[in-house]
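A.B. asks: One file is attached below, final_24.txt, containing compact mmCIF, C-alpha atoms.
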```txt
# COMPACT_ATOMS: atom_id res chain seq x y z
CA MET A 1 -104.76 -200.97 11.47
CA SER A 2 -104.83 -197.82 13.59
CA VAL A 3 -106.78 -194.68 12.70
CA MET A 4 -103.59 -192.79 11.83
CA GLU A 5 -102.43 -195.57 9.55
CA LEU A 6 -105.81 -195.65 7.84
CA LEU A 7 -105.78 -191.88 7.27
CA SER A 8 -102.21 -191.89 5.97
CA SER A 9 -102.78 -194.84 3.64
CA SER A 10 -106.08 -193.67 2.14
CA PRO A 11 -106.13 -190.11 0.72
CA ALA A 12 -109.88 -190.32 0.07
CA ILE A 13 -110.65 -191.15 3.69
CA PHE A 14 -108.31 -188.41 4.89
CA VAL A 15 -109.93 -185.80 2.65
CA GLY A 16 -113.40 -186.94 3.71
CA THR A 17 -112.41 -186.74 7.37
CA CYS A 18 -111.15 -183.20 6.91
CA LEU A 19 -114.38 -182.32 5.10
CA VAL A 20 -116.46 -183.46 8.08
CA LEU A 21 -114.07 -181.78 10.51
CA GLY A 22 -114.35 -178.57 8.49
CA LEU A 23 -118.14 -178.68 8.66
CA LEU A 24 -117.98 -178.98 12.45
CA VAL A 25 -115.42 -176.19 12.74
CA GLY A 26 -117.57 -174.06 10.43
CA SER A 27 -120.43 -174.37 12.89
CA PHE A 28 -118.13 -173.06 15.63
CA LEU A 29 -116.86 -170.28 13.35
CA ASN A 30 -120.44 -169.04 13.04
CA VAL A 31 -120.37 -168.51 16.81
CA VAL A 32 -116.97 -166.77 16.61
CA ILE A 33 -118.07 -164.48 13.78
CA TYR A 34 -121.23 -163.47 15.60
CA ARG A 35 -120.01 -163.20 19.18
CA VAL A 36 -116.44 -161.84 19.04
CA PRO A 37 -117.50 -158.32 17.91
CA ILE A 38 -120.19 -158.25 20.60
CA ILE A 39 -117.71 -159.37 23.26
CA LEU A 40 -115.27 -156.65 22.18
CA GLU A 41 -117.96 -153.97 22.15
CA ARG A 42 -119.07 -155.04 25.59
CA GLN A 43 -115.52 -154.79 26.90
CA TRP A 44 -115.07 -151.34 25.33
CA ARG A 45 -118.29 -150.05 26.84
CA GLU A 46 -117.36 -151.39 30.28
CA GLN A 47 -113.98 -149.66 30.04
CA CYS A 48 -115.59 -146.40 28.94
CA ALA A 49 -118.07 -146.58 31.80
CA GLU A 50 -115.27 -147.21 34.29
CA LEU A 51 -113.26 -144.28 32.92
CA ALA A 52 -116.31 -142.02 33.04
CA THR A 53 -117.00 -142.99 36.65
CA THR A 54 -113.36 -142.58 37.63
CA GLY A 55 -113.17 -139.16 35.97
CA ALA A 56 -116.40 -138.03 37.59
CA SER A 57 -115.31 -139.08 41.09
CA SER A 58 -111.79 -137.64 40.81
CA PRO A 59 -111.22 -134.39 42.71
CA ALA A 60 -109.03 -133.12 39.87
CA ALA A 61 -111.86 -133.52 37.40
CA GLU A 62 -114.28 -131.20 39.28
CA PRO A 63 -112.66 -129.29 42.17
CA VAL A 64 -114.91 -128.33 45.05
CA THR A 65 -115.30 -124.60 45.56
CA PRO A 66 -116.55 -122.80 48.67
CA GLU A 67 -119.62 -121.67 46.76
CA SER A 68 -120.58 -125.24 45.90
CA SER A 69 -121.66 -127.90 48.35
CA THR A 70 -121.80 -130.68 45.77
CA THR A 71 -118.86 -132.91 44.98
CA ALA A 72 -117.74 -133.81 41.49
CA ALA A 73 -119.22 -137.26 41.89
CA GLU A 74 -122.60 -135.80 42.79
CA SER A 75 -122.63 -133.30 39.95
CA ASN A 76 -121.50 -135.93 37.44
CA PRO A 77 -123.20 -139.17 38.45
CA PRO A 78 -122.15 -142.41 36.77
CA PRO A 79 -124.12 -143.34 33.69
CA ALA A 80 -127.32 -145.24 34.22
CA GLU A 81 -127.60 -148.81 33.12
CA SER A 82 -129.87 -147.81 30.25
CA ASP A 83 -127.14 -145.49 28.96
CA VAL A 84 -124.54 -148.26 28.63
CA ILE A 85 -126.14 -150.98 26.56
CA ALA A 86 -124.52 -153.02 23.84
CA SER A 87 -125.97 -152.15 20.47
CA ASP A 88 -128.13 -154.62 18.66
CA VAL A 89 -126.33 -156.72 16.08
CA VAL A 90 -128.41 -157.57 13.04
CA ALA A 91 -127.50 -160.83 11.37
CA PRO A 92 -127.26 -160.61 7.57
CA GLU A 93 -129.89 -162.16 5.38
CA GLY A 94 -132.13 -163.38 8.16
CA THR A 95 -132.39 -164.10 11.82
CA ALA A 96 -129.39 -165.24 13.80
CA LEU A 97 -129.54 -168.39 15.87
CA GLU A 98 -127.92 -166.54 18.73
CA PRO A 99 -129.22 -164.81 21.85
CA PRO A 100 -128.84 -161.05 21.97
CA ALA A 101 -125.82 -159.78 23.87
CA PRO A 102 -126.51 -159.12 27.53
CA ASP A 103 -126.72 -155.51 28.59
CA VAL A 104 -123.57 -153.94 29.99
CA PRO A 105 -124.33 -152.87 33.55
CA SER A 106 -123.24 -149.67 35.19
CA PRO A 107 -120.07 -149.97 37.28
CA ALA A 108 -122.21 -148.87 40.21
CA ALA A 109 -124.35 -151.97 39.83
CA HIS A 110 -123.69 -154.67 42.39
CA SER A 111 -124.75 -157.58 40.25
CA ARG A 112 -122.22 -159.06 37.88
CA PRO A 113 -123.11 -159.05 34.17
CA GLU A 114 -124.37 -162.23 32.63
CA PRO A 115 -121.55 -164.24 31.05
CA PHE A 116 -121.32 -163.91 27.31
CA ASN A 117 -118.45 -165.64 25.56
CA LEU A 118 -117.83 -168.31 22.95
CA VAL A 119 -119.24 -171.02 25.22
CA VAL A 120 -122.15 -169.50 27.12
CA PRO A 121 -125.00 -168.80 26.72
CA ARG A 122 -126.23 -171.56 24.45
CA SER A 123 -127.30 -170.58 20.98
CA ALA A 124 -131.02 -169.92 20.85
CA CYS A 125 -133.69 -168.54 18.60
CA PRO A 126 -133.93 -164.78 19.29
CA SER A 127 -137.62 -164.84 18.50
CA CYS A 128 -138.93 -167.55 20.81
CA LYS A 129 -135.76 -168.02 22.93
CA ALA A 130 -135.88 -171.78 22.38
CA PRO A 131 -132.37 -173.29 22.77
CA ILE A 132 -130.84 -174.99 19.76
CA THR A 133 -130.48 -178.70 20.44
CA ALA A 134 -127.60 -180.85 19.25
CA LEU A 135 -129.74 -182.46 16.55
CA GLN A 136 -130.77 -179.03 15.30
CA ASN A 137 -127.13 -177.94 15.12
CA ILE A 138 -125.76 -180.53 12.69
CA PRO A 139 -123.86 -178.54 10.06
CA VAL A 140 -125.82 -177.96 6.82
CA LEU A 141 -128.05 -181.03 7.29
CA SER A 142 -130.11 -179.50 10.11
CA TYR A 143 -130.71 -176.38 8.05
CA LEU A 144 -131.94 -178.45 5.10
CA PHE A 145 -134.09 -180.71 7.30
CA LEU A 146 -135.71 -177.72 9.04
CA LYS A 147 -136.14 -175.94 5.68
CA GLY A 148 -134.29 -172.91 6.97
CA ARG A 149 -136.66 -172.19 9.84
CA CYS A 150 -136.68 -172.44 13.62
CA ALA A 151 -138.05 -175.79 14.77
CA ASN A 152 -140.07 -174.14 17.54
CA CYS A 153 -141.56 -170.93 16.11
CA GLY A 154 -140.82 -171.20 12.39
CA VAL A 155 -138.92 -167.91 12.05
CA ARG A 156 -136.53 -167.82 9.10
CA ILE A 157 -132.85 -168.64 9.69
CA SER A 158 -130.13 -166.87 7.74
CA ALA A 159 -128.75 -168.97 4.89
CA ARG A 160 -125.29 -167.64 5.67
CA TYR A 161 -124.90 -170.07 8.56
CA PRO A 162 -124.92 -173.24 6.45
CA ALA A 163 -122.99 -171.37 3.74
CA ILE A 164 -120.10 -170.71 6.14
CA GLU A 165 -120.22 -174.32 7.32
CA ALA A 166 -120.12 -175.61 3.75
CA LEU A 167 -117.36 -173.17 2.79
CA THR A 168 -115.24 -174.23 5.76
CA GLY A 169 -115.77 -177.90 4.94
CA LEU A 170 -114.88 -177.50 1.27
CA LEU A 171 -111.78 -175.41 1.93
CA SER A 172 -110.65 -177.88 4.59
CA ALA A 173 -111.05 -180.74 2.15
CA ALA A 174 -109.09 -178.79 -0.48
CA VAL A 175 -106.26 -178.24 2.01
CA ALA A 176 -106.19 -181.94 2.85
CA TRP A 177 -106.09 -182.85 -0.84
CA LYS A 178 -103.29 -180.36 -1.50
CA PHE A 179 -100.96 -181.14 1.40
CA GLY A 180 -101.82 -184.75 2.19
CA PHE A 181 -101.49 -186.47 5.53
CA GLY A 182 -99.04 -184.69 7.84
CA TRP A 183 -98.38 -181.70 10.04
CA PRO A 184 -98.37 -179.15 7.17
CA THR A 185 -102.05 -179.95 6.67
CA VAL A 186 -102.79 -179.23 10.33
CA ALA A 187 -101.04 -175.86 10.04
CA ALA A 188 -102.82 -175.03 6.78
CA LEU A 189 -106.19 -175.89 8.32
CA VAL A 190 -105.57 -173.56 11.27
CA LEU A 191 -104.64 -170.74 8.90
CA THR A 192 -107.70 -171.42 6.75
CA TRP A 193 -110.09 -171.34 9.70
CA PHE A 194 -108.63 -168.09 11.04
CA LEU A 195 -108.94 -166.46 7.62
CA ILE A 196 -112.59 -167.48 7.28
CA ALA A 197 -113.48 -165.98 10.66
CA LEU A 198 -111.58 -162.77 9.98
CA THR A 199 -113.14 -162.42 6.53
CA PHE A 200 -116.74 -162.46 7.70
CA ILE A 201 -116.10 -160.34 10.79
CA ASP A 202 -114.52 -157.71 8.57
CA VAL A 203 -117.41 -157.92 6.10
CA ASP A 204 -119.95 -157.39 8.87
CA HIS A 205 -118.18 -154.82 11.04
CA GLN A 206 -115.09 -153.61 9.13
CA LEU A 207 -113.09 -154.94 12.07
CA LEU A 208 -110.10 -157.29 12.27
CA PRO A 209 -109.89 -158.08 16.00
CA ASP A 210 -106.49 -158.19 17.70
CA ASN A 211 -107.54 -161.32 19.56
CA LEU A 212 -107.57 -163.12 16.20
CA THR A 213 -104.88 -161.36 14.13
CA LEU A 214 -102.20 -161.35 16.83
CA PRO A 215 -102.52 -165.05 17.76
CA LEU A 216 -102.43 -165.84 14.04
CA LEU A 217 -99.21 -163.84 13.72
CA TRP A 218 -97.56 -165.52 16.70
CA ILE A 219 -98.60 -169.01 15.65
CA GLY A 220 -96.98 -168.42 12.27
CA LEU A 221 -93.76 -167.24 13.89
CA LEU A 222 -93.70 -170.15 16.33
CA LEU A 223 -94.26 -172.71 13.59
CA SER A 224 -91.19 -171.35 11.80
CA LEU A 225 -89.10 -172.83 14.62
CA TRP A 226 -89.86 -176.27 13.15
CA GLY A 227 -89.66 -175.34 9.47
CA PRO A 228 -89.12 -176.06 6.74
CA GLN A 229 -90.37 -179.64 6.56
CA GLY A 230 -89.05 -180.25 3.06
CA ALA A 231 -87.96 -178.58 -0.11
CA ASP A 232 -91.49 -178.67 -1.56
CA ALA A 233 -93.38 -177.95 1.67
CA ALA A 234 -95.31 -174.70 1.74
CA LEU A 235 -95.67 -174.84 5.53
CA PRO A 236 -94.11 -174.08 7.87
CA MET A 237 -91.69 -171.43 6.68
CA ASP A 238 -88.11 -171.22 7.85
CA MET A 239 -87.55 -168.73 10.65
CA ARG A 240 -85.73 -166.16 8.52
CA SER A 241 -88.45 -166.00 5.84
CA SER A 242 -91.18 -165.95 8.46
CA LEU A 243 -89.63 -163.15 10.51
CA ILE A 244 -88.83 -161.01 7.49
CA GLY A 245 -92.34 -161.66 6.15
CA ALA A 246 -93.96 -160.50 9.38
CA ILE A 247 -91.88 -157.33 9.59
CA ALA A 248 -92.19 -156.48 5.90
CA GLY A 249 -95.90 -157.23 5.86
CA TYR A 250 -96.64 -154.84 8.70
CA LEU A 251 -94.28 -152.04 7.70
CA SER A 252 -95.34 -152.05 4.05
CA LEU A 253 -99.01 -151.35 4.70
CA TRP A 254 -98.15 -149.10 7.64
CA SER A 255 -96.05 -146.96 5.29
CA VAL A 256 -98.79 -146.86 2.65
CA TYR A 257 -101.32 -145.87 5.32
CA HIS A 258 -99.28 -142.94 6.60
CA LEU A 259 -98.28 -141.80 3.10
CA PHE A 260 -101.92 -141.82 2.00
CA ARG A 261 -102.99 -139.92 5.11
CA LEU A 262 -100.21 -137.38 4.57
CA LEU A 263 -101.26 -136.77 0.97
CA THR A 264 -105.04 -136.83 1.38
CA GLY A 265 -105.70 -136.25 5.06
CA LYS A 266 -107.79 -139.45 5.13
CA GLU A 267 -107.20 -142.91 6.53
CA GLY A 268 -107.11 -145.47 3.72
CA MET A 269 -107.14 -148.61 5.86
CA GLY A 270 -107.11 -149.81 9.45
CA TYR A 271 -104.36 -151.21 11.62
CA GLY A 272 -106.02 -154.61 11.49
CA ASP A 273 -105.02 -154.84 7.82
CA PHE A 274 -101.37 -154.31 8.80
CA LYS A 275 -101.55 -157.10 11.37
CA LEU A 276 -103.30 -159.51 9.02
CA PHE A 277 -100.73 -158.86 6.30
CA ALA A 278 -97.94 -159.37 8.85
CA ALA A 279 -99.54 -162.66 9.90
CA LEU A 280 -99.67 -163.82 6.28
CA GLY A 281 -96.02 -162.90 5.94
CA ALA A 282 -95.19 -164.93 9.04
CA TRP A 283 -97.07 -167.95 7.71
CA LEU A 284 -96.14 -167.84 4.03
CA GLY A 285 -92.83 -165.97 4.02
CA TRP A 286 -91.77 -162.67 2.54
CA LYS A 287 -91.72 -163.95 -1.05
CA MET A 288 -95.50 -164.27 -1.03
CA LEU A 289 -96.20 -160.73 0.14
CA LEU A 290 -96.01 -159.07 -3.26
CA PRO A 291 -98.35 -161.57 -5.00
CA ILE A 292 -100.78 -161.34 -2.08
CA ILE A 293 -101.01 -157.55 -2.11
CA LEU A 294 -101.23 -157.38 -5.91
CA ILE A 295 -104.08 -159.92 -6.05
CA ALA A 296 -105.88 -158.35 -3.10
CA ALA A 297 -105.60 -154.83 -4.52
CA ALA A 298 -106.67 -155.83 -8.04
CA VAL A 299 -109.63 -157.94 -6.96
CA GLY A 300 -110.57 -155.43 -4.27
CA ALA A 301 -110.61 -152.58 -6.77
CA VAL A 302 -112.80 -154.47 -9.25
CA VAL A 303 -115.23 -155.75 -6.62
CA GLY A 304 -115.30 -152.41 -4.79
CA ILE A 305 -116.09 -150.42 -7.92
CA ALA A 306 -118.80 -152.90 -8.87
CA MET A 307 -120.37 -152.78 -5.40
CA LEU A 308 -120.36 -149.00 -5.29
CA ALA A 309 -121.89 -148.82 -8.75
CA MET A 310 -124.66 -151.29 -7.93
CA ARG A 311 -125.48 -149.59 -4.62
CA GLY A 312 -125.17 -146.07 -5.98
CA GLN A 313 -122.67 -145.06 -3.30
CA SER A 314 -119.82 -142.56 -3.50
CA ARG A 315 -116.12 -143.38 -3.68
CA SER A 316 -115.71 -142.26 -0.08
CA THR A 317 -117.75 -145.23 1.14
CA PRO A 318 -115.40 -147.51 3.13
CA ILE A 319 -114.95 -151.08 1.92
CA ALA A 320 -113.35 -153.82 4.01
CA PHE A 321 -109.93 -154.80 2.63
CA GLY A 322 -109.38 -157.73 4.99
CA PRO A 323 -111.47 -160.23 2.99
CA PHE A 324 -109.37 -159.60 -0.12
CA LEU A 325 -106.14 -160.02 1.83
CA ALA A 326 -107.47 -163.23 3.36
CA ALA A 327 -108.59 -164.65 0.01
CA ALA A 328 -105.30 -163.77 -1.68
CA GLY A 329 -103.38 -165.27 1.24
CA TRP A 330 -105.30 -168.52 0.99
CA LEU A 331 -104.69 -168.71 -2.77
CA MET A 332 -100.96 -168.24 -2.15
CA LEU A 333 -101.10 -170.94 0.51
CA MET A 334 -102.56 -173.36 -2.00
CA PHE A 335 -100.90 -172.33 -5.26
CA GLY A 336 -98.31 -169.73 -4.36
CA GLN A 337 -95.20 -171.77 -5.04
CA GLU A 338 -96.45 -172.89 -8.44
CA LEU A 339 -97.46 -169.36 -9.42
CA VAL A 340 -94.17 -167.82 -8.30
CA MET A 341 -92.05 -170.50 -9.98
CA GLY A 342 -94.10 -170.20 -13.17
CA TYR A 343 -93.69 -166.43 -13.19
CA LEU A 344 -89.94 -166.62 -12.58
CA GLY A 345 -89.68 -169.25 -15.29
CA LEU A 346 -90.82 -166.70 -17.83
CA PHE A 347 -87.54 -164.84 -17.32
CA ALA A 348 -85.23 -167.84 -17.07
CA PRO A 349 -82.69 -168.19 -19.89
CA ARG A 350 -83.67 -170.79 -22.42
CA PRO A 351 -81.14 -173.18 -24.07
```
Before we go any further, please render this structure as structure tokens.
C.D. replies:
Amino acid sequence: MSVMELLSSSPAIFVGTCLVLGLLVGSFLNVVIYRVPIILERQWREQCAELATTGASSPAAEPVTPESSTTAAESNPPPAESDVIASDVVAPEGTALEPPAPDVPSPAAHSRPEPFNLVVPRSACPSCKAPITALQNIPVLSYLFLKGRCANCGVRISARYPAIEALTGLLSAAVAWKFGFGWPTVAALVLTWFLIALTFIDVDHQLLPDNLTLPLLWIGLLLSLWGPQGADAALPMDMRSSLIGAIAGYLSLWSVYHLFRLLTGKEGMGYGDFKLFAALGAWLGWKMLLPIILIAAAVGAVVGIAMLAMRGQSRSTPIAFGPFLAAAGWLMLMFGQELVMGYLGLFAPRP
């Protein structure tokens, strides 16, 4: 019996396999959540430094006059390396098992910056710089075995790392149990993993990166080319529902954003929320957009009011909306069809 036959014939083994796979992916998502904002900030600072240098060296920026013997480049030197440094990122609830982001060098520097991406450098303790070995990086188990501390220096490790690993494993197992063996499960797992990464990045930085939301949107649209896979299949959507969902998802929040800004002069949400909502529309279809936004708005309002009350903050304090969209989208992925059919059944004529 082949591996595929074993997984398809035994739901318990398939769910267990997805649980283990989810734990491993959760470990990688910790890297994504920590490093992607740093990578983006580094790119932004490099671009700003290049623009500043270009503007300073341009004759149009500082014309040379007969009374002055200095050029624009001399009077406006490029920023020093110490002026263009990526800001420190503080991991929540403890110390991150990640090296600090390398400094962003001045464009005038001849040496290339140290590579910093999702692969290199290796994760390490920021206190003693000891690299994290493979045995120390086993999801959840290593944290429990090490009692939440670095094996080399004993500094405390944030409990959020194993929490994200466990959450990813449990949600992956739930997806496998819901959809069973087949391609819809693969699609649902990809969506779940994207939503987890986006949720925690938005919680930490109030940022929904384009390099996550846009691929998620396009993957949903591309999967619609092969949908639907059956009358009861939640994924993938047919092309018409997916395309309308993407357009309606973006334009709906875009319209609310501009209407709110017109009435109040303030920005109520970011463009990342539009793109995430569009991606959910592409994945789940336009029929799920209304339940998603209603659940996200209701839960977001309750949680937001409670958080502001506990922290003693004002109503003007920004609160990330992406996590509520992501949570509502995942609930609709898992139970959306049942909820919608049950709601519509309330209005169906009875014999």
A.B. asks: Measuring between all atoms listed in the file, which one of A:Ile33, A:Ala282, A:Leu294, A:Leu235 shows the shortest distance to Gln337 in chain A?
C.D. replies: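 Closest to Gln337 in chain A of all the choices is A:Leu235.
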A.B. asks: How big is the axis-aligned box around the listed atoms of range 170-174 of chain A once 4 Å is added on each side, and where is its centre? Give both in Å to one decimal, as lines of an AutoDock Vina configuration file.
C.D. replies:
```
center_x = -112.0
center_y = -178.1
center_z = 2.1
size_x = 13.8
size_y = 13.3
size_z = 13.1
```
A.B. asks: If you measure from CA of Asp210 in chain A to CA of Met307 in chain A, what distance in Å do you get, rounded to one decimal?
C.D. replies: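 Separating CA of Asp210 in chain A from CA of Met307 in chain A is a distance of 27.5 Å.
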A.B. asks: Can you work out the spacing between CA of Cys128 in chain A and CA of Ile164 in chain A in Å, to one decimal?
C.D. replies: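 Computing the Euclidean distance for CA of Cys128 in chain A and CA of Ile164 in chain A yields 24.1 Å.
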A.B. asks: Give me the residues within 9 Å of Ile247 in chain A as a list in words, counting all atoms listed in the file and dropping any in the same chain fewer than 3 places off.
C.D. replies: Ser242, Leu243, Ile244, Tyr250, Leu251, Ser252, Ala278, Gly281, Ala282 and Trp286 of chain A
A.B. asks: Quick one: everything within 7 Å of Gly304 in chain A, counting all atoms listed in the file, minus sequence neighbours fewer than 4 positions away in the same chain. Send it as a ChimeraX atom specification.
C.D. replies: /A:300,308,319
A.B. asks: When you count all atoms listed in the file, which of these residues is closest to Phe200 in chain A: A:Ile132, A:Gly342, A:Leu259, A:Ala327?
C.D. replies: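 Residue with the minimum atom-to-atom distance to Phe200 in chain A: A:Ala327.
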A.B. asks: Extract, using all atoms listed in the file, all DNA, RNA and protein residues at most 10 Å from Gly220 in chain A, discarding same-chain residues fewer than 3 positions from it, and format them as a ChimeraX atom specification.
C.D. replies: /A:187,191,214-217,223-225,235-237,239,242-243,246,278-285
A.B. asks: Could you tell me how far CA of Ser27 in chain A sits from CA of Asn137 in chain A, in Å to one decimal place?
C.D. replies: 7.9 Å
A.B. asks: Could you pull the residues within 12 Å of Gly329 in chain A, counting only C-alpha atoms, minus those fewer than 3 positions along the same chain, as number ranges by chain?
C.D. replies: A: 188, 191-192, 194-196, 199, 249, 276-296, 322-326, 332-336
A.B. asks: Can you list, as number ranges by chain, every protein, DNA or RNA residue that comes within 10 Å of Gly268 in chain A when you count only C-alpha atoms, leaving out same-chain residues fewer than 5 positions away?
C.D. replies: A: 256-261, 316, 318-319, 321
A.B. asks: Considering only C-alpha atoms, can you say which of A:Leu263, A:Cys125, A:Thr317, A:Arg311 comes closest to Ser158 in chain A?
C.D. replies: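 Counting only C-alpha atoms, the residue closest to Ser158 in chain A is A:Cys125.
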A.B. asks: Dig up all the protein and nucleic acid residues within 12 Å of (-120.4, -178.8, 5.0) in the file frame, using all atoms listed in the file, and format them as a ChimeraX atom specification.
C.D. replies: /A:16-27,138-144,161-173
A.B. asks: Ranking A:Thr185, A:Ala134, A:Pro126, A:Trp44 by minimum distance to Cys150 in chain A and counting all atoms listed in the file, which one comes first?
C.D. replies: A:Pro126
A.B. asks: Using only C-alpha atoms, which residue out of A:Pro349, A:Gly55, A:Pro115, A:Gly270 lies closest to Leu207 in chain A?
C.D. replies: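 Using only C-alpha atoms, the shortest distance to Leu207 in chain A belongs to A:Gly270.
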